[in-house]
Amino acid sequence: MTRQRVAVLDRVGHVRTEERAVPEPGAGQVLVRVAAVGVCGSDVHYYEHGRIGDFVVDSPLVLGHEASGTVVRLGPEVLGPEVGQRVALEPQSTCDRCEQCARGRYNLCPNVVFFATPPVDGAFAEYVVVDARRAHPVPDELSDEAAALIEPLAVAVHAAAKARVEPGQSVLVSGAGPVGLLCAQVALARGAGRVTVTDVNENRLRVAHRLGAHQVLNVAEEPDADLAPVEVVLECSGAARAVEWSVRRAAAAGTVVLVGMGATVTLPLDLIQARELWITGTFRYAHAYPAAIALASSGAVELDGLVTGRFDLDGVEDALLSARRDPTALKSVVSPGGLPRASAPTTSDRAGEQA
């Protein structure tokens with residue numbers, strides 16, 4: 001096991017596969033055989049535009065950061081997880097020395113190294129190296145695909161924590177993409193009394209309703225719909241018009257959390273002041289994986305049902321284009337080792353593989 005296959009974005013709009021050396025885990029790191037990788041909107045943006053803000057793809061880059069796999073080798077000074085352990089990968093390494101790390105906000109570490117963020121390669125590969133403490137063991141109840149989607153679920157867990165969603169509260173989730181659907185489920189798991197989900201895609205709204213949303217609203221068809229003011233807004237679309245529309249639906253003293261990545265927007269400052277709204281952003285997550293794994297393994301949040309497309313390493317480009325080609329697509333998953341079985345492998349299956 002010295003060579004592996006990876007899918008590389010070598011220029012805007014083009015991905016190719018190539019062979020590379022299997023990386024060696026350093027001190028405090030583990031080598032993981034990648035089982036599944038979810039396609040994120042940021043992957044698609046890099047593929048289509050070659051940049052996100054100040055992050056520019058100026059050399060070949062391996063995309064993919066929503067990943068799961070099995071630990072196959074330990075670097076020096078690693079006490080856990082063990083070889084053979086299935087894990088969800090938290091795709092970041094932080095310095096542990098800056099003020100943000102010291103205060104527990106390691107997602108804001110200025111020295112963070114994050115998968116698939118130029119120039120750092122991601123997980124559309126057969127093997128990756130990750131810090132051992134960021135390889136989170138997952139139970140047998142979670143499939144490999146669900147374990148990969150712990151990453152976007154961690155985004156939703158972090159957003160709901162920032163919003164301080166409490167039992168009985170009314171919550172508006174703007175945008176029914178994968179993160180929006182996960183935010184709605186997390187809000188319900190935290191006891192929200194009423195969850196409303198808005199979007200312009202009727203299929204996604206049907207999924208939101210199936211997952212437990214009390215109300216769904218197609219804002220393209222009903223932009224002036226009468227919606228009672230809500231205590232919490234989780235804005236997941238990043239679209240300028242949706243941001244302003246959502247802020248205007250916040251009740252007095254309400255909280256607005258901006259989750260979706262977007263461009264510069266105009267906010268109604270007079271309304272924000274008059275209602276004393278709390279508005280904050282989120283950036284990735286910190287300390288969210290244990291809660292995300294618990295929510296998914298308990299059944300409080302559904303992950304497998306979000307997967308609408310499955311691809312192997314040669315199909316990465318098709319996976320990146322799936323949402324553009326199919327309006328019903330939600331989450332595509334790439335399996336570098338070949339298309340997965342329908343459910344997570346059992347302990348006996350894994351023992352046979354290791355033998």
# chains A, B, ... in the order shown; residues from 1 in each chain; ligands from 1
call {"tool": "residues_around", "arguments": {"residues": "region 102-109 of chain A", "least_positions_apart": "6", "cutoff": "7 Å", "atoms": "only C-alpha atoms", "output": "PyMOL selection string"}}
result
chain A and resi 94+96+283-286
call {"tool": "write_last_selection", "arguments": {"atoms": "N, CA and C atoms", "output": "PDB file, in the first residue's frame"}}
result
ATOM      1  N   THR A  94      -5.709  22.589  13.826  1.00  0.00           N
ATOM      2  CA  THR A  94      -5.537  23.934  14.378  1.00  0.00           C
ATOM      3  C   THR A  94      -4.271  24.004  15.226  1.00  0.00           C
ATOM      4  N   ASP A  96      -3.620  25.312  18.338  1.00  0.00           N
ATOM      5  CA  ASP A  96      -3.713  25.135  19.791  1.00  0.00           C
ATOM      6  C   ASP A  96      -2.876  26.136  20.581  1.00  0.00           C
ATOM      7  N   PHE A 283     -19.060  30.091  11.404  1.00  0.00           N
ATOM      8  CA  PHE A 283     -17.966  29.656  10.540  1.00  0.00           C
ATOM      9  C   PHE A 283     -17.593  28.239  10.918  1.00  0.00           C
ATOM     10  N   ARG A 284     -18.002  27.308  10.097  1.00  0.00           N
ATOM     11  CA  ARG A 284     -17.736  25.894  10.336  1.00  0.00           C
ATOM     12  C   ARG A 284     -18.307  25.476  11.688  1.00  0.00           C
ATOM     13  N   TYR A 285     -17.467  25.029  12.631  1.00  0.00           N
ATOM     14  CA  TYR A 285     -17.961  24.461  13.885  1.00  0.00           C
ATOM     15  C   TYR A 285     -16.786  24.235  14.817  1.00  0.00           C
ATOM     16  N   ALA A 286     -17.103  24.060  16.084  1.00  0.00           N
ATOM     17  CA  ALA A 286     -16.114  23.668  17.090  1.00  0.00           C
ATOM     18  C   ALA A 286     -16.829  22.839  18.149  1.00  0.00           C
TER      19      ALA A 286
END
call {"tool": "select_by_dssp", "arguments": {"residues": "region 13-150 of chain A", "states": "helix (DSSP H, G or I)", "output": "MDAnalysis selection string"}}
result
chainID A and resid 41:49 99:102 106:108 132:134 144:148 150
call {"tool": "closest_residue", "arguments": {"among": "A:Thr196, A:Ser322, A:Gln169, A:Gln85", "to": "Pro139 (chain A)", "atoms": "only C-alpha atoms"}}
result
A:Gln85
call {"tool": "closest_residue", "arguments": {"among": "A:Ala192, A:Val316, A:Cys95, A:Ala160", "to": "Val179 (chain A)", "atoms": "only C-alpha atoms"}}
result
A:Ala160
call {"tool": "select_by_dssp", "arguments": {"residues": "region 75-247 of chain A", "states": "strand (DSSP E)", "output": "MDAnalysis selection string"}}
result
chainID A and resid 86:89 92:93 113:114 127:131 135:137 170:174 194:199 215:218 230:235
call {"tool": "closest_residue", "arguments": {"among": "A:Ala7, A:Val233, A:Met1, A:Thr255", "to": "Asp314 (chain A)", "atoms": "only C-alpha atoms"}}
result
A:Ala7
call {"tool": "closest_residue", "arguments": {"among": "A:Cys236, A:Val34, A:Leu63, A:Val334", "to": "His14 (chain A)", "atoms": "only C-alpha atoms"}}
result
A:Leu63
call {"tool": "residues_around", "arguments": {"residues": "Asp270 (chain A)", "least_positions_apart": "5", "cutoff": "12 Å", "atoms": "only C-alpha atoms", "output": "list in words"}}
result
Val247, Arg248, Arg275, Glu276 and Leu277 of chain A
call {"tool": "closest_residue", "arguments": {"among": "A:Asp224, A:Asp304, A:Asp140, A:Glu24", "to": "Pro178 (chain A)", "atoms": "only C-alpha atoms"}}
result
A:Asp304
call {"tool": "closest_residue", "arguments": {"among": "A:His209, A:Leu89, A:Glu244, A:Pro60", "to": "Leu271 (chain A)", "atoms": "only C-alpha atoms"}}
result
A:Glu244
call {"tool": "residues_around", "arguments": {"residues": "Ala208 (chain A)", "least_positions_apart": "5", "cutoff": "8 Å", "atoms": "only C-alpha atoms", "output": "list in words"}}
result
Ala176, Leu181, Ala184, Val197, Ala213 and Val216 of chain A
call {"tool": "residues_around", "arguments": {"residues": "Gly254 (chain A)", "least_positions_apart": "5", "cutoff": "12 Å", "atoms": "only C-alpha atoms", "output": "VMD selection string"}}
result
chain A and resid 163 to 165 169 to 172 229 to 234 246 to 249 271 to 280
call {"tool": "write_last_selection", "arguments": {"atoms": "C-alpha atoms", "output": "PDB file, in the first residue's frame"}}
result
ATOM      1  CA  ALA A 163     -28.957  30.546  18.101  1.00  0.00           C
ATOM      2  CA  ARG A 164     -29.616  29.014  21.521  1.00  0.00           C
ATOM      3  CA  VAL A 165     -32.667  27.174  20.201  1.00  0.00           C
ATOM      4  CA  GLN A 169     -39.450  28.319  20.354  1.00  0.00           C
ATOM      5  CA  SER A 170     -40.541  29.200  16.829  1.00  0.00           C
ATOM      6  CA  VAL A 171     -37.788  28.735  14.243  1.00  0.00           C
ATOM      7  CA  LEU A 172     -37.530  29.781  10.601  1.00  0.00           C
ATOM      8  CA  PRO A 229     -42.756  36.589  13.614  1.00  0.00           C
ATOM      9  CA  VAL A 230     -40.319  33.917  14.775  1.00  0.00           C
ATOM     10  CA  GLU A 231     -37.918  33.827  17.712  1.00  0.00           C
ATOM     11  CA  VAL A 232     -35.034  32.245  15.778  1.00  0.00           C
ATOM     12  CA  VAL A 233     -33.990  32.577  12.142  1.00  0.00           C
ATOM     13  CA  LEU A 234     -31.425  30.174  10.676  1.00  0.00           C
ATOM     14  CA  SER A 246     -35.771  36.303   6.690  1.00  0.00           C
ATOM     15  CA  VAL A 247     -34.480  39.087   8.921  1.00  0.00           C
ATOM     16  CA  ARG A 248     -37.806  40.869   8.511  1.00  0.00           C
ATOM     17  CA  ARG A 249     -39.583  37.773   9.888  1.00  0.00           C
ATOM     18  CA  LEU A 271     -35.877  47.186  11.876  1.00  0.00           C
ATOM     19  CA  ILE A 272     -32.879  45.553  13.551  1.00  0.00           C
ATOM     20  CA  GLN A 273     -32.628  48.458  15.987  1.00  0.00           C
ATOM     21  CA  ALA A 274     -36.358  48.799  16.580  1.00  0.00           C
ATOM     22  CA  ARG A 275     -36.722  45.088  17.373  1.00  0.00           C
ATOM     23  CA  GLU A 276     -33.347  44.743  19.128  1.00  0.00           C
ATOM     24  CA  LEU A 277     -32.429  41.740  17.016  1.00  0.00           C
ATOM     25  CA  TRP A 278     -29.333  39.655  17.657  1.00  0.00           C
ATOM     26  CA  ILE A 279     -27.536  38.857  14.389  1.00  0.00           C
ATOM     27  CA  THR A 280     -24.457  36.657  14.160  1.00  0.00           C
TER      28      THR A 280
END
call {"tool": "residues_around", "arguments": {"residues": "Gly38 (chain A)", "least_positions_apart": "5", "cutoff": "12 Å", "atoms": "only C-alpha atoms", "output": "PyMOL selection string"}}
result
chain A and resi 43-44+63-68+88-89+122-124+144-153+178+303-304+306-312+316+319-320+330-336
call {"tool": "atom_distance", "arguments": {"atom1": "CA of Arg190 (chain A)", "atom2": "CA of Pro137 (chain A)"}}
result
23.3 Å
call {"tool": "atom_distance", "arguments": {"atom1": "CA of Ala263 (chain A)", "atom2": "CA of Ala292 (chain A)"}}
result
28.2 Å
call {"tool": "residues_around", "arguments": {"residues": "Ala291 (chain A)", "least_positions_apart": "4", "cutoff": "9 Å", "atoms": "only C-alpha atoms", "output": "NGL selection string"}}
result
:A and (154 or 157 or 287 or 295-296)
